[in-house]
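Colleague: Quick one, upload-v7.cif (mmCIF, C-alpha atoms):
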data_start
loop_
_atom_site.label_atom_id
_atom_site.label_comp_id
_atom_site.auth_asym_id
_atom_site.auth_seq_id
_atom_site.Cartn_x
_atom_site.Cartn_y
_atom_site.Cartn_z
CA MET A 1 -26.09 -12.32 145.15
CA THR A 2 -27.15 -11.12 148.59
CA ARG A 3 -30.58 -11.83 150.07
CA VAL A 4 -31.60 -8.20 149.52
CA GLU A 5 -30.43 -8.29 145.90
CA LYS A 6 -32.28 -11.56 145.36
CA PHE A 7 -35.45 -10.08 146.83
CA LEU A 8 -35.20 -6.95 144.70
CA SER A 9 -34.77 -9.07 141.57
CA THR A 10 -38.18 -10.67 142.21
CA ILE A 11 -40.08 -7.35 142.22
CA LYS A 12 -41.97 -7.05 138.96
CA PRO A 13 -44.95 -4.73 139.53
CA TYR A 14 -47.79 -4.36 137.09
CA PRO A 15 -48.32 -0.82 135.71
CA LYS A 16 -50.88 0.18 138.36
CA GLN A 17 -48.70 -1.21 141.16
CA GLU A 18 -45.73 0.71 139.79
CA GLU A 19 -47.85 3.84 139.81
CA PHE A 20 -48.58 3.16 143.48
CA PHE A 21 -44.86 2.74 144.22
CA LEU A 22 -44.01 6.06 142.55
CA ALA A 23 -46.84 8.20 143.98
CA ASN A 24 -45.39 10.98 146.15
CA SER A 25 -48.38 12.61 147.88
CA THR A 26 -48.80 12.22 151.63
CA ARG A 27 -51.99 10.15 151.30
CA VAL A 28 -52.03 7.44 148.62
CA ALA A 29 -54.89 4.96 148.14
CA TYR A 30 -54.76 1.96 145.83
CA GLY A 31 -57.44 -0.44 144.63
CA GLY A 32 -61.18 -0.05 144.38
CA ALA A 33 -61.97 -3.58 143.21
CA ARG A 34 -61.15 -7.19 144.06
CA GLY A 35 -58.06 -8.88 142.70
CA GLY A 36 -56.00 -5.81 141.86
CA GLY A 37 -52.90 -6.96 143.75
CA LYS A 38 -53.37 -4.55 146.66
CA SER A 39 -51.79 -6.51 149.51
CA TRP A 40 -48.64 -7.38 147.55
CA ALA A 41 -48.25 -3.74 146.53
CA MET A 42 -48.58 -2.52 150.14
CA ARG A 43 -46.13 -5.10 151.55
CA THR A 44 -43.57 -4.55 148.84
CA LYS A 45 -43.76 -0.75 149.09
CA PHE A 46 -43.09 -0.97 152.83
CA ILE A 47 -40.13 -3.32 152.41
CA LEU A 48 -38.63 -0.95 149.85
CA LEU A 49 -39.09 1.99 152.22
CA ALA A 50 -37.51 0.04 155.08
CA LEU A 51 -34.49 -0.88 152.97
CA SER A 52 -34.07 2.63 151.57
CA HIS A 53 -34.45 4.72 154.75
CA PRO A 54 -32.39 3.44 157.73
CA GLY A 55 -34.26 3.78 161.00
CA ILE A 56 -37.68 4.37 159.47
CA GLN A 57 -40.66 3.30 161.60
CA ILE A 58 -43.56 1.74 159.66
CA LEU A 59 -46.96 0.60 160.95
CA LEU A 60 -49.11 -1.77 158.88
CA LEU A 61 -52.68 -2.46 160.05
CA ARG A 62 -55.57 -4.78 159.25
CA ARG A 63 -58.92 -4.88 161.04
CA THR A 64 -58.55 -8.44 162.44
CA PHE A 65 -55.62 -10.67 163.40
CA PRO A 66 -56.56 -13.60 161.08
CA GLU A 67 -56.53 -11.16 158.14
CA LEU A 68 -53.22 -9.70 159.31
CA ARG A 69 -51.64 -13.13 159.65
CA GLU A 70 -52.77 -14.51 156.29
CA ASN A 71 -52.26 -11.36 154.22
CA HIS A 72 -49.04 -10.02 155.73
CA ILE A 73 -47.27 -11.90 158.53
CA ILE A 74 -46.88 -15.16 156.61
CA PRO A 75 -45.92 -13.53 153.26
CA LEU A 76 -43.51 -11.11 154.99
CA LYS A 77 -41.77 -13.95 156.86
CA LYS A 78 -41.12 -15.60 153.53
CA ALA A 79 -40.05 -12.44 151.71
CA LEU A 80 -37.80 -11.18 154.53
CA TYR A 81 -36.08 -14.45 155.41
CA LYS A 82 -32.54 -13.51 156.55
CA ILE A 83 -33.27 -9.88 155.60
CA ALA A 84 -35.14 -8.88 158.77
CA ASP A 85 -35.76 -10.55 162.13
CA TYR A 86 -39.37 -11.20 163.10
CA LYS A 87 -40.34 -10.70 166.75
CA GLU A 88 -43.38 -12.86 167.48
CA VAL A 89 -44.37 -11.17 170.75
CA THR A 90 -44.36 -7.62 169.37
CA LYS A 91 -45.24 -8.64 165.79
CA GLU A 92 -42.57 -6.57 164.12
CA PHE A 93 -39.78 -7.03 161.59
CA ILE A 94 -36.46 -5.47 162.55
CA PHE A 95 -34.02 -4.71 159.73
CA LYS A 96 -30.22 -4.56 160.01
CA ASN A 97 -30.35 -0.81 159.25
CA ARG A 98 -32.64 -0.23 162.32
CA SER A 99 -35.78 0.11 160.19
CA ARG A 100 -38.90 -1.52 161.58
CA ILE A 101 -42.22 -2.74 160.18
CA LYS A 102 -44.73 -3.06 163.02
CA LEU A 103 -47.90 -5.07 162.32
CA GLY A 104 -51.15 -4.54 164.18
CA TYR A 105 -54.91 -5.01 164.09
CA CYS A 106 -57.89 -3.07 165.46
CA LEU A 107 -60.94 -5.28 165.90
CA ASN A 108 -62.67 -2.76 168.16
CA GLU A 109 -62.77 0.98 167.56
CA SER A 110 -60.97 1.70 170.83
CA ASP A 111 -58.08 -0.63 169.88
CA ILE A 112 -56.62 2.19 167.81
CA LEU A 113 -55.84 4.10 171.01
CA GLN A 114 -52.87 1.78 171.68
CA TYR A 115 -50.98 3.67 168.96
CA GLN A 116 -51.54 7.11 170.46
CA GLY A 117 -48.32 8.73 171.62
CA GLN A 118 -46.27 6.62 169.21
CA ALA A 119 -44.62 7.93 166.07
CA TYR A 120 -44.42 6.30 162.65
CA GLU A 121 -43.09 7.93 159.51
CA VAL A 122 -45.28 5.61 157.44
CA ILE A 123 -48.68 4.12 158.29
CA GLY A 124 -50.57 1.68 156.09
CA MET A 125 -54.28 0.84 156.41
CA GLU A 126 -55.07 -2.38 154.56
CA GLU A 127 -58.77 -2.55 153.52
CA ALA A 128 -59.20 1.00 154.81
CA THR A 129 -62.98 0.90 154.36
CA GLN A 130 -63.11 -1.59 157.27
CA PHE A 131 -61.85 1.16 159.62
CA THR A 132 -63.94 3.99 161.05
CA TYR A 133 -63.20 7.64 160.42
CA MET A 134 -62.31 8.06 164.11
CA GLN A 135 -59.67 5.35 163.77
CA TYR A 136 -58.23 7.05 160.69
CA ILE A 137 -58.07 10.44 162.45
CA ALA A 138 -56.42 8.86 165.52
CA LEU A 139 -53.74 7.33 163.28
CA THR A 140 -52.99 10.65 161.59
CA GLU A 141 -51.88 11.92 165.00
CA SER A 142 -49.20 9.19 165.10
CA ASN A 143 -48.01 9.84 161.54
CA ARG A 144 -44.95 11.94 162.33
CA LEU A 145 -41.16 11.77 162.54
CA SER A 146 -39.97 9.27 165.12
CA GLY A 147 -36.55 10.80 165.75
CA ASN A 148 -34.80 7.85 164.14
CA ILE A 149 -34.76 9.41 160.69
CA ASP A 150 -34.32 12.90 159.25
CA SER A 151 -35.50 14.57 156.04
CA PHE A 152 -38.46 12.28 155.42
CA VAL A 153 -42.02 13.45 154.79
CA PRO A 154 -44.45 11.33 156.89
CA ARG A 155 -47.14 9.70 154.80
CA MET A 156 -49.99 7.20 154.84
CA TYR A 157 -50.95 4.46 152.38
CA PHE A 158 -54.33 2.80 151.95
CA THR A 159 -55.76 -0.14 150.06
CA CYS A 160 -59.52 -0.36 149.74
CA ASN A 161 -62.65 -1.73 148.12
CA PRO A 162 -66.11 -0.09 148.09
CA GLY A 163 -68.36 -0.94 151.04
CA GLY A 164 -67.71 -1.35 154.74
CA ILE A 165 -68.00 0.90 157.75
CA GLY A 166 -65.42 3.34 156.39
CA HIS A 167 -66.86 3.59 152.88
CA GLU A 168 -67.98 7.20 153.30
CA TRP A 169 -64.75 8.76 154.57
CA VAL A 170 -62.56 6.92 152.05
CA LYS A 171 -64.92 7.86 149.22
CA ARG A 172 -65.04 11.50 150.32
CA LEU A 173 -61.27 11.90 150.40
CA PHE A 174 -60.17 9.82 147.42
CA ILE A 175 -63.18 9.51 145.07
CA ASP A 176 -65.38 12.57 145.62
CA ARG A 177 -62.31 14.69 146.53
CA ASN A 178 -64.51 16.82 148.78
CA TYR A 179 -62.19 18.50 151.28
CA GLY A 180 -62.54 20.53 154.43
CA GLU A 181 -60.64 23.69 155.28
CA ALA A 182 -57.63 21.86 156.75
CA GLU A 183 -57.42 19.33 153.89
CA ARG A 184 -55.49 19.94 150.67
CA SER A 185 -56.42 18.18 147.43
CA GLU A 186 -52.75 17.79 146.42
CA ASP A 187 -52.17 15.54 149.45
CA TYR A 188 -54.53 12.83 148.16
CA THR A 189 -53.91 10.41 145.30
CA PHE A 190 -56.14 7.51 144.29
CA ILE A 191 -54.86 4.81 141.95
CA PRO A 192 -57.74 2.61 140.73
CA SER A 193 -57.09 -1.01 139.88
CA THR A 194 -59.22 -4.02 139.02
CA VAL A 195 -58.63 -7.71 138.53
CA TYR A 196 -58.03 -6.96 134.85
CA ASP A 197 -54.86 -5.09 135.88
CA ASN A 198 -53.50 -8.21 137.59
CA GLU A 199 -51.80 -10.31 134.93
CA TYR A 200 -51.08 -13.13 137.38
CA ILE A 201 -54.75 -13.74 138.18
CA ILE A 202 -55.82 -13.29 134.57
CA THR A 203 -53.40 -15.99 133.40
CA LYS A 204 -53.13 -18.27 136.45
CA ASN A 205 -56.59 -18.05 138.01
CA PRO A 206 -59.17 -17.11 135.36
CA GLY A 207 -61.86 -18.84 137.42
CA TYR A 208 -61.66 -16.05 140.00
CA VAL A 209 -62.34 -13.49 137.28
CA LYS A 210 -65.40 -15.47 136.20
CA THR A 211 -66.56 -15.57 139.82
CA LEU A 212 -66.46 -11.78 140.02
CA GLU A 213 -68.18 -11.46 136.66
CA ALA A 214 -71.01 -13.71 137.90
CA LEU A 215 -71.81 -11.60 141.00
CA PRO A 216 -75.26 -9.94 141.28
CA PRO A 217 -75.36 -6.65 139.32
CA LEU A 218 -74.78 -4.15 142.13
CA ARG A 219 -72.20 -6.32 143.88
CA ARG A 220 -70.48 -6.85 140.53
CA LYS A 221 -70.29 -3.10 139.90
CA ALA A 222 -68.52 -2.62 143.22
CA MET A 223 -66.25 -5.66 143.38
CA LEU A 224 -65.37 -6.17 139.70
CA TYR A 225 -65.31 -2.60 138.44
CA GLY A 226 -64.66 -0.69 141.67
CA ASP A 227 -67.82 1.42 141.44
CA TRP A 228 -68.01 3.42 144.69
CA ASP A 229 -71.61 4.43 144.03
CA ALA A 230 -73.00 0.88 143.91
CA PHE A 231 -74.63 -0.59 147.02
CA GLU A 232 -77.67 -2.67 147.96
CA GLY A 233 -80.83 -0.61 148.44
CA GLN A 234 -79.56 2.17 146.18
CA TYR A 235 -82.43 4.06 144.56
CA PHE A 236 -80.51 5.07 141.44
CA PRO A 237 -78.26 2.12 140.49
CA GLU A 238 -78.32 3.60 136.96
CA PHE A 239 -76.01 6.42 138.08
CA SER A 240 -72.47 6.03 136.73
CA ARG A 241 -69.64 8.51 137.16
CA ASP A 242 -68.18 7.36 133.87
CA LYS A 243 -71.41 8.01 131.97
CA ASN A 244 -73.21 10.71 133.97
CA VAL A 245 -70.34 13.05 134.91
CA CYS A 246 -68.19 15.08 132.55
CA ARG A 247 -65.60 17.84 132.63
CA PRO A 248 -67.01 21.36 132.30
CA PHE A 249 -67.11 22.89 128.83
CA GLU A 250 -68.26 26.22 127.45
CA ILE A 251 -72.00 26.03 126.90
CA PRO A 252 -73.01 27.31 123.43
CA SER A 253 -74.98 30.55 123.37
CA ASN A 254 -77.98 28.96 121.61
CA TRP A 255 -78.57 26.42 124.37
CA ASN A 256 -81.50 26.84 126.76
CA ARG A 257 -80.73 27.45 130.43
CA PHE A 258 -82.89 27.34 133.54
CA ILE A 259 -82.53 26.91 137.29
CA ALA A 260 -84.31 24.88 139.97
CA PHE A 261 -83.81 25.05 143.69
CA ASP A 262 -84.94 23.56 146.95
CA TYR A 263 -85.01 26.11 149.75
CA GLY A 264 -84.81 25.57 153.49
CA LEU A 265 -82.98 27.35 156.27
CA ASP A 266 -81.03 24.15 156.85
CA MET A 267 -79.91 24.08 153.20
CA THR A 268 -80.34 25.98 149.95
CA ALA A 269 -79.67 23.67 147.02
CA CYS A 270 -79.81 25.30 143.58
CA LEU A 271 -78.91 23.70 140.24
CA TRP A 272 -78.30 25.35 136.87
CA PHE A 273 -79.41 23.35 133.81
CA ALA A 274 -78.69 23.61 130.08
CA PHE A 275 -79.87 21.66 127.05
CA PRO A 276 -79.18 21.96 123.29
CA PRO A 277 -81.80 22.91 120.67
CA ASP A 278 -82.28 19.27 119.64
CA LYS A 279 -83.18 18.40 123.26
CA SER A 280 -80.92 15.33 123.07
CA LYS A 281 -79.36 15.75 126.52
CA ILE A 282 -79.64 17.86 129.65
CA TYR A 283 -76.61 19.09 131.58
CA VAL A 284 -76.39 20.27 135.19
CA TYR A 285 -73.51 22.72 134.96
CA LYS A 286 -73.46 24.67 138.22
CA GLU A 287 -74.68 24.33 141.80
CA LEU A 288 -75.16 26.29 145.01
CA TYR A 289 -75.26 24.22 148.19
CA ARG A 290 -75.20 26.29 151.35
CA PRO A 291 -76.83 26.07 154.80
CA GLY A 292 -78.12 28.89 156.97
CA LEU A 293 -79.28 31.33 154.27
CA ILE A 294 -82.44 33.31 154.86
CA LEU A 295 -84.55 33.66 151.72
CA SER A 296 -83.28 37.10 150.76
CA GLN A 297 -79.68 35.90 151.06
CA ALA A 298 -80.48 32.84 148.95
CA ALA A 299 -81.95 35.11 146.25
CA LYS A 300 -78.81 37.27 146.20
CA GLU A 301 -76.52 34.23 146.05
CA ILE A 302 -78.45 32.63 143.17
CA LYS A 303 -78.64 35.87 141.22
CA ALA A 304 -74.91 36.49 141.69
CA LEU A 305 -73.96 32.97 140.60
CA SER A 306 -76.23 33.23 137.56
CA GLY A 307 -74.09 36.14 136.35
CA ASP A 308 -74.66 36.75 132.65
CA ASP A 309 -76.34 33.38 132.08
CA LYS A 310 -79.51 33.83 130.04
CA ILE A 311 -81.87 31.97 132.34
CA ARG A 312 -85.15 31.17 130.56
CA TRP A 313 -87.11 30.03 133.59
CA ALA A 314 -86.74 29.20 137.29
CA VAL A 315 -88.67 26.87 139.57
CA ALA A 316 -88.43 26.41 143.33
CA SER A 317 -89.96 24.62 146.29
CA PRO A 318 -93.79 24.89 146.09
CA ASP A 319 -94.01 25.87 149.76
CA LEU A 320 -92.57 29.27 148.82
CA ALA A 321 -95.98 30.12 147.34
CA GLY A 322 -97.40 30.46 150.86
CA ARG A 323 -97.73 33.91 152.37
CA ARG A 324 -95.61 34.85 155.39
CA GLN A 325 -97.61 35.87 158.45
CA ASP A 326 -95.26 38.71 159.31
CA SER A 327 -95.27 40.42 155.91
CA GLY A 328 -98.18 38.97 153.96
CA LYS A 329 -95.76 38.29 151.10
CA THR A 330 -95.10 34.95 149.47
CA GLY A 331 -91.64 33.49 149.27
CA PHE A 332 -91.69 34.23 145.55
CA ASP A 333 -92.47 37.90 146.31
CA ILE A 334 -89.40 38.04 148.53
CA LEU A 335 -87.25 36.40 145.88
CA SER A 336 -88.46 38.93 143.32
CA SER A 337 -87.82 41.92 145.60
CA TYR A 338 -84.20 40.82 145.94
CA GLY A 339 -83.65 40.51 142.21
CA LEU A 340 -84.62 36.89 141.53
CA LYS A 341 -87.74 37.50 139.45
CA GLY A 342 -90.14 35.17 137.74
CA VAL A 343 -89.58 32.10 139.94
CA THR A 344 -92.58 29.77 139.90
CA SER A 345 -93.67 26.72 141.88
CA ALA A 346 -92.04 23.47 140.88
CA ASN A 347 -94.01 20.35 140.10
CA ASN A 348 -93.55 18.42 143.35
CA SER A 349 -94.76 15.02 142.10
CA ARG A 350 -92.28 12.72 143.77
CA ILE A 351 -92.55 9.29 142.17
CA PRO A 352 -93.05 10.61 138.59
CA GLY A 353 -90.07 12.91 139.17
CA TRP A 354 -87.81 10.10 140.40
CA ARG A 355 -88.91 7.96 137.47
CA MET A 356 -87.96 10.71 135.04
CA ILE A 357 -84.51 11.06 136.64
CA ARG A 358 -84.00 7.31 136.42
CA GLU A 359 -84.98 7.36 132.75
CA LEU A 360 -82.51 10.16 132.07
CA LEU A 361 -79.66 8.49 133.97
CA ARG A 362 -79.81 5.09 132.32
CA GLU A 363 -77.87 4.12 129.20
CA ASP A 364 -79.78 3.77 125.93
CA ASP A 365 -79.14 1.10 123.31
CA GLU A 366 -76.14 3.08 122.04
CA GLY A 367 -74.61 3.34 125.51
CA GLU A 368 -75.49 7.05 125.82
CA THR A 369 -77.05 8.78 128.81
CA ARG A 370 -79.21 11.90 128.70
CA LEU A 371 -78.58 13.47 132.12
CA ILE A 372 -75.00 14.62 132.66
CA PHE A 373 -73.42 16.58 135.51
CA PHE A 374 -70.39 18.84 135.28
CA GLU A 375 -67.83 17.47 137.73
CA ASN A 376 -67.85 20.77 139.66
CA CYS A 377 -71.40 19.97 140.87
CA LEU A 378 -69.96 18.09 143.83
CA ASN A 379 -73.00 17.84 146.08
CA VAL A 380 -75.61 16.58 143.65
CA ILE A 381 -73.03 14.03 142.40
CA ARG A 382 -72.30 13.07 146.01
CA THR A 383 -75.87 12.76 147.28
CA LEU A 384 -77.79 11.33 144.31
CA PRO A 385 -76.19 7.86 144.35
CA LYS A 386 -76.60 7.64 148.14
CA LEU A 387 -80.40 7.84 148.04
CA THR A 388 -82.21 4.70 149.22
CA PHE A 389 -85.77 3.42 148.96
CA ASP A 390 -88.46 4.55 151.39
CA THR A 391 -89.39 1.57 153.58
CA ASN A 392 -93.10 2.52 153.55
CA VAL A 393 -93.59 3.73 149.95
CA SER A 394 -91.90 1.28 147.64
CA GLU A 395 -91.29 3.63 144.69
CA ASP A 396 -90.35 6.71 146.69
CA VAL A 397 -86.99 7.94 147.97
CA SER A 398 -86.31 7.77 151.69
CA SER A 399 -86.42 11.17 153.38
CA THR A 400 -83.58 10.19 155.70
CA PRO A 401 -80.82 11.15 156.09
CA HIS A 402 -82.40 14.50 155.26
CA GLU A 403 -79.08 16.04 154.24
CA LEU A 404 -79.01 13.78 151.19
CA THR A 405 -82.36 14.96 149.80
CA HIS A 406 -81.80 18.68 149.08
CA ALA A 407 -79.85 18.55 145.82
CA PRO A 408 -81.85 15.57 144.44
CA ASP A 409 -85.10 17.44 145.18
CA ALA A 410 -83.78 20.43 143.20
CA LEU A 411 -82.85 18.03 140.41
CA ARG A 412 -86.36 16.57 140.45
CA TYR A 413 -87.92 20.03 140.27
CA GLY A 414 -85.68 20.82 137.31
CA VAL A 415 -86.42 17.78 135.18
CA MET A 416 -90.15 18.02 135.95
CA SER A 417 -90.17 21.60 134.65
CA LEU A 418 -89.03 20.47 131.21
CA GLY A 419 -92.21 18.92 129.92
CA PHE A 420 -90.20 16.52 127.77
CA LEU A 421 -87.63 13.75 127.98
CA PRO A 422 -84.38 14.63 126.19
CA GLY A 423 -83.85 12.36 123.23
CA LYS A 424 -87.48 11.28 123.19
CA VAL A 425 -89.07 13.97 120.99
CA LYS A 426 -89.53 11.99 117.78
CA SER A 427 -92.60 13.47 116.13
CA LYS A 428 -94.52 16.73 115.93
CA ARG A 429 -97.20 15.18 118.09
CA GLU A 430 -94.71 14.99 120.96
CA VAL A 431 -94.75 18.75 121.40
CA PHE A 432 -92.46 20.34 123.99
CA ARG A 433 -94.58 22.96 125.73
CA ASP A 434 -91.95 25.58 126.47
CA PRO A 435 -92.33 27.00 130.03
CA ILE A 436 -91.83 30.44 128.50
CA ASP A 437 -94.95 29.99 126.39
CA ALA A 438 -96.83 28.81 129.48
CA TRP A 439 -95.76 31.93 131.34
CA ARG A 440 -96.81 34.18 128.47
CA GLU A 441 -100.24 32.53 128.28
CA GLU A 442 -100.81 32.79 132.02
CA LYS A 443 -99.39 36.26 132.70
CA GLY A 444 -99.95 37.95 129.36
CA THR A 445 -96.43 39.35 129.33
CA ASP A 446 -92.99 38.44 128.02
CA TYR A 447 -91.06 36.43 130.61
CA MET A 448 -87.60 37.49 129.45
CA LYS A 449 -88.56 41.18 129.58
CA PHE A 450 -89.96 40.62 133.07
CA LEU A 451 -86.74 39.00 134.26
CA THR A 452 -84.60 41.87 133.01
CA SER A 453 -86.88 44.70 134.10
#
Please re-express this file's structure in structure tokens.
Modeller:
Amino acid sequence: MTRVEKFLSTIKPYPKQEEFFLANSTRVAYGGARGGGKSWAMRTKFILLALSHPGIQILLLRRTFPELRENHIIPLKKALYKIADYKEVTKEFIFKNRSRIKLGYCLNESDILQYQGQAYEVIGMEEATQFTYMQYIALTESNRLSGNIDSFVPRMYFTCNPGGIGHEWVKRLFIDRNYGEAERSEDYTFIPSTVYDNEYIITKNPGYVKTLEALPPLRRKAMLYGDWDAFEGQYFPEFSRDKNVCRPFEIPSNWNRFIAFDYGLDMTACLWFAFPPDKSKIYVYKELYRPGLILSQAAKEIKALSGDDKIRWAVASPDLAGRRQDSGKTGFDILSSYGLKGVTSANNSRIPGWRMIRELLREDDEGETRLIFFENCLNVIRTLPKLTFDTNVSEDVSSTPHELTHAPDALRYGVMSLGFLPGKVKSKREVFRDPIDAWREEKGTDYMKFLTS
């Protein structure tokens, strides 16, 4: 048996590692939690590529040299003994078929520039969340054919855990799947794994599992379960993608629907809500999130997106009640003149509103949550778990970064317009005062007829 054959006989990936080996998109990320066998999977994948594609050029990076040495140089020396020659000065493994695995590290952001002008068919970023977005973008420029190999699609591989300086860009691409114009969703694959997917650790090192299980709650969510929305200082640690996000479904005709929006020239954030007759849950099923709209344009956009939805009421930023100096009209007058009629001021109570959202997000004794977002509502799902505490008002949400507050403010307006907590109406004394009845009492007219007039 040759050395290569002997090495190949030792490869026994776990199911998630095998999925990583077989993934064929141009950007593949693996991991999400501690102990999932990420480093072994990356090393082994690169050895297999080097053996299978003569002349291929591969770059494998860690943030620091001690990490690179312990996680890859030492294990690769052992695995590639008499299979590839290691060059200490250049830190690269040269295979008999001219393939090469180059190892590097980038302690400082500018260190990545040493790879500019070079070409690698395959680039791997170990613990990708420890790299900045600029470093990632710089590496994409070097991810191309080197001239030593034909008919190969250049690609990049990533291993990662939540947290770190690169948390946001990794999460955007692989978890939120929120892409820009030049990015294609089919190019990105994320394969989640946890310590429970690693049979070796489960059987040989159960103490490590117990260590992860004993971490503080937020740290445990990130490191044990790979929760990308868990971090210290998070205002809504109750938020869970597993529990609070669902796939869209057809909303029954007898459900109640309403909208709430936060308007500003910098951003119009509008959410569409629906809840069943038993008021057991509330769903956010549609969103508009767009900058640069003047009020009349926002009205047209919201009306168009509402389509045939039977909207029972609508609430918006209270500052729209003020009259404009140029026209003497309120913001609500302008909305009405452009077809968005019957919009009223939202209850802008901040702390009570945040408390209500927290109550709706959390799991009850049966493990159920009462506030659920359709997965197409990308921006409210993206921004809500990023909110942090205000440093001056202990129970309030920080107003910075301001970009994060628009969709959550619209959400707060929406839940405050309900007048009830879904799942909490247990007796006739807990009467839900329907906003439609309130309108009728105040205006002396039928709200639905007004909206359709």
Colleague: The PyMOL selection byres ((chain A and resi 176) around 12) on the file shown: which residues, as JSON, numbers by chain?
Modeller: {"A": [167, 168, 169, 170, 171, 172, 173, 174, 175, 177, 178, 179, 185, 188, 189, 190, 228, 229, 241, 245, 375, 376, 377, 378, 379, 380, 381, 382, 383, 385]}
Colleague: Can you translate the PyMOL selection byres ((chain A and resi 272-279) around 6) into the concrete residues it hits in this file, as a PyMOL selection string?
Modeller: chain A and resi 255-259+271+280-286+422
Colleague: Output C-alpha atoms for every residue in the selection just made, as a JSON list (two decimals), in the coordinates of the input.
Modeller:
[["chain", "number", "residue", "atom", "x", "y", "z"],
["A", 255, "TRP", "CA", -78.57, 26.42, 124.37],
["A", 256, "ASN", "CA", -81.50, 26.84, 126.76],
["A", 257, "ARG", "CA", -80.73, 27.45, 130.43],
["A", 258, "PHE", "CA", -82.89, 27.34, 133.54],
["A", 259, "ILE", "CA", -82.53, 26.91, 137.29],
["A", 271, "LEU", "CA", -78.91, 23.70, 140.24],
["A", 280, "SER", "CA", -80.92, 15.33, 123.07],
["A", 281, "LYS", "CA", -79.36, 15.75, 126.52],
["A", 282, "ILE", "CA", -79.64, 17.86, 129.65],
["A", 283, "TYR", "CA", -76.61, 19.09, 131.58],
["A", 284, "VAL", "CA", -76.39, 20.27, 135.19],
["A", 285, "TYR", "CA", -73.51, 22.72, 134.96],
["A", 286, "LYS", "CA", -73.46, 24.67, 138.22],
["A", 422, "PRO", "CA", -84.38, 14.63, 126.19]]
Colleague: Residues at most 6 Å from Thr64 (chain A), counting only C-alpha atoms, excluding those fewer than 2 positions away in the same chain, as a list in words?
Modeller: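 In the requested form, the answer reads Arg62, Pro66, Glu67, Tyr105 and Leu107 of chain A.
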Colleague: Can you tell me which residues surround region 1-14 of chain A at a distance of at most 7 Å, considering only C-alpha atoms, apart from same-chain residues fewer than 2 positions away, and format the answer as a VMD selection string?
Modeller: chain A and resid 16 to 18 82 to 83 198
Colleague: Looking at only C-alpha atoms, which of A:Ala33, A:Ile74, A:Met416, A:Met156 is the one that sits closest to Pro192 (chain A)?
Modeller: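 For Pro192 (chain A), the nearest of the given residues is A:Ala33.
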Colleague: Just say which residues the PyMOL selection byres ((chain A and resi 243) around 10) picks in this file, as a list in words.
Modeller: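 On this input, the PyMOL selection byres ((chain A and resi 243) around 10) captures Glu238, Phe239, Ser240, Arg241, Asp242, Asn244, Val245, Cys246, Leu361, Arg362, Glu363, Gly367, Glu368, Thr369, Arg370, Leu371, Ile372 and Phe373 of chain A.
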Colleague: Give me the residues within 7 Å of region 230-234 of chain A as a ChimeraX atom specification, counting all atoms listed in the file and dropping any in the same chain fewer than 3 places off.
Modeller: /A:218-219,221-222,227,237,385-389
Colleague: Distance CA of Asn148 (chain A)-CA of Ser99 (chain A), one decimal place?
Modeller: 8.7 Å
Colleague: One decimal, in Å: what's the spacing between CA of Asn254 (chain A) and CA of Trp313 (chain A)?
Modeller: 15.1 Å
Colleague: Which residue, A:Ser317, A:Pro291, A:Gly35, A:Asp187, has the smallest gap to Tyr200 (chain A) when you use only C-alpha atoms?
Modeller: A:Gly35
Colleague: Measuring between all atoms listed in the file, which one of A:His53, A:Lys78, A:Lys38, A:His72 shows the shortest distance to Thr159 (chain A)?
Modeller: A:Lys38
Colleague: Would you compute the distance between CA of Tyr133 (chain A) and CA of Ile191 (chain A)? Give it in Å to one decimal.
Modeller: 20.5 Å
Colleague: Extract, using only C-alpha atoms, all DNA, RNA and protein residues at most 12 Å from Arg355 (chain A), discarding same-chain residues fewer than 5 positions from it, and format them as a PyMOL selection string.
Modeller: chain A and resi 235-236+238+349-350+360-362+395-397+412+415-416+421
Colleague: Please provide as a PyMOL selection string all residues within 7 Å of Val122 (chain A), with the sequence filter that same-chain residues fewer than 4 positions apart are discarded (counting all atoms listed in the file).
Modeller: chain A and resi 57-59+143+154-156
Colleague: Take the residues that were just selected and, keeping C-alpha atoms, output them as a PDB file, in the frame of the given file.
Modeller:
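Output contents, as saved in part-v3.pdb:
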ATOM      1  CA  GLN A  57     -40.660   3.300 161.600  1.00  0.00           C
ATOM      2  CA  ILE A  58     -43.560   1.740 159.660  1.00  0.00           C
ATOM      3  CA  LEU A  59     -46.960   0.600 160.950  1.00  0.00           C
ATOM      4  CA  ASN A 143     -48.010   9.840 161.540  1.00  0.00           C
ATOM      5  CA  PRO A 154     -44.450  11.330 156.890  1.00  0.00           C
ATOM      6  CA  ARG A 155     -47.140   9.700 154.800  1.00  0.00           C
ATOM      7  CA  MET A 156     -49.990   7.200 154.840  1.00  0.00           C
TER       8      MET A 156
END
Colleague: Taking only C-alpha atoms into account, name the residue in A:Gly36, A:Gly419, A:Gly104, A:Gly147 that is nearest to Phe65 (chain A).
Modeller: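 Counting only C-alpha atoms, the residue closest to Phe65 (chain A) is A:Gly104.
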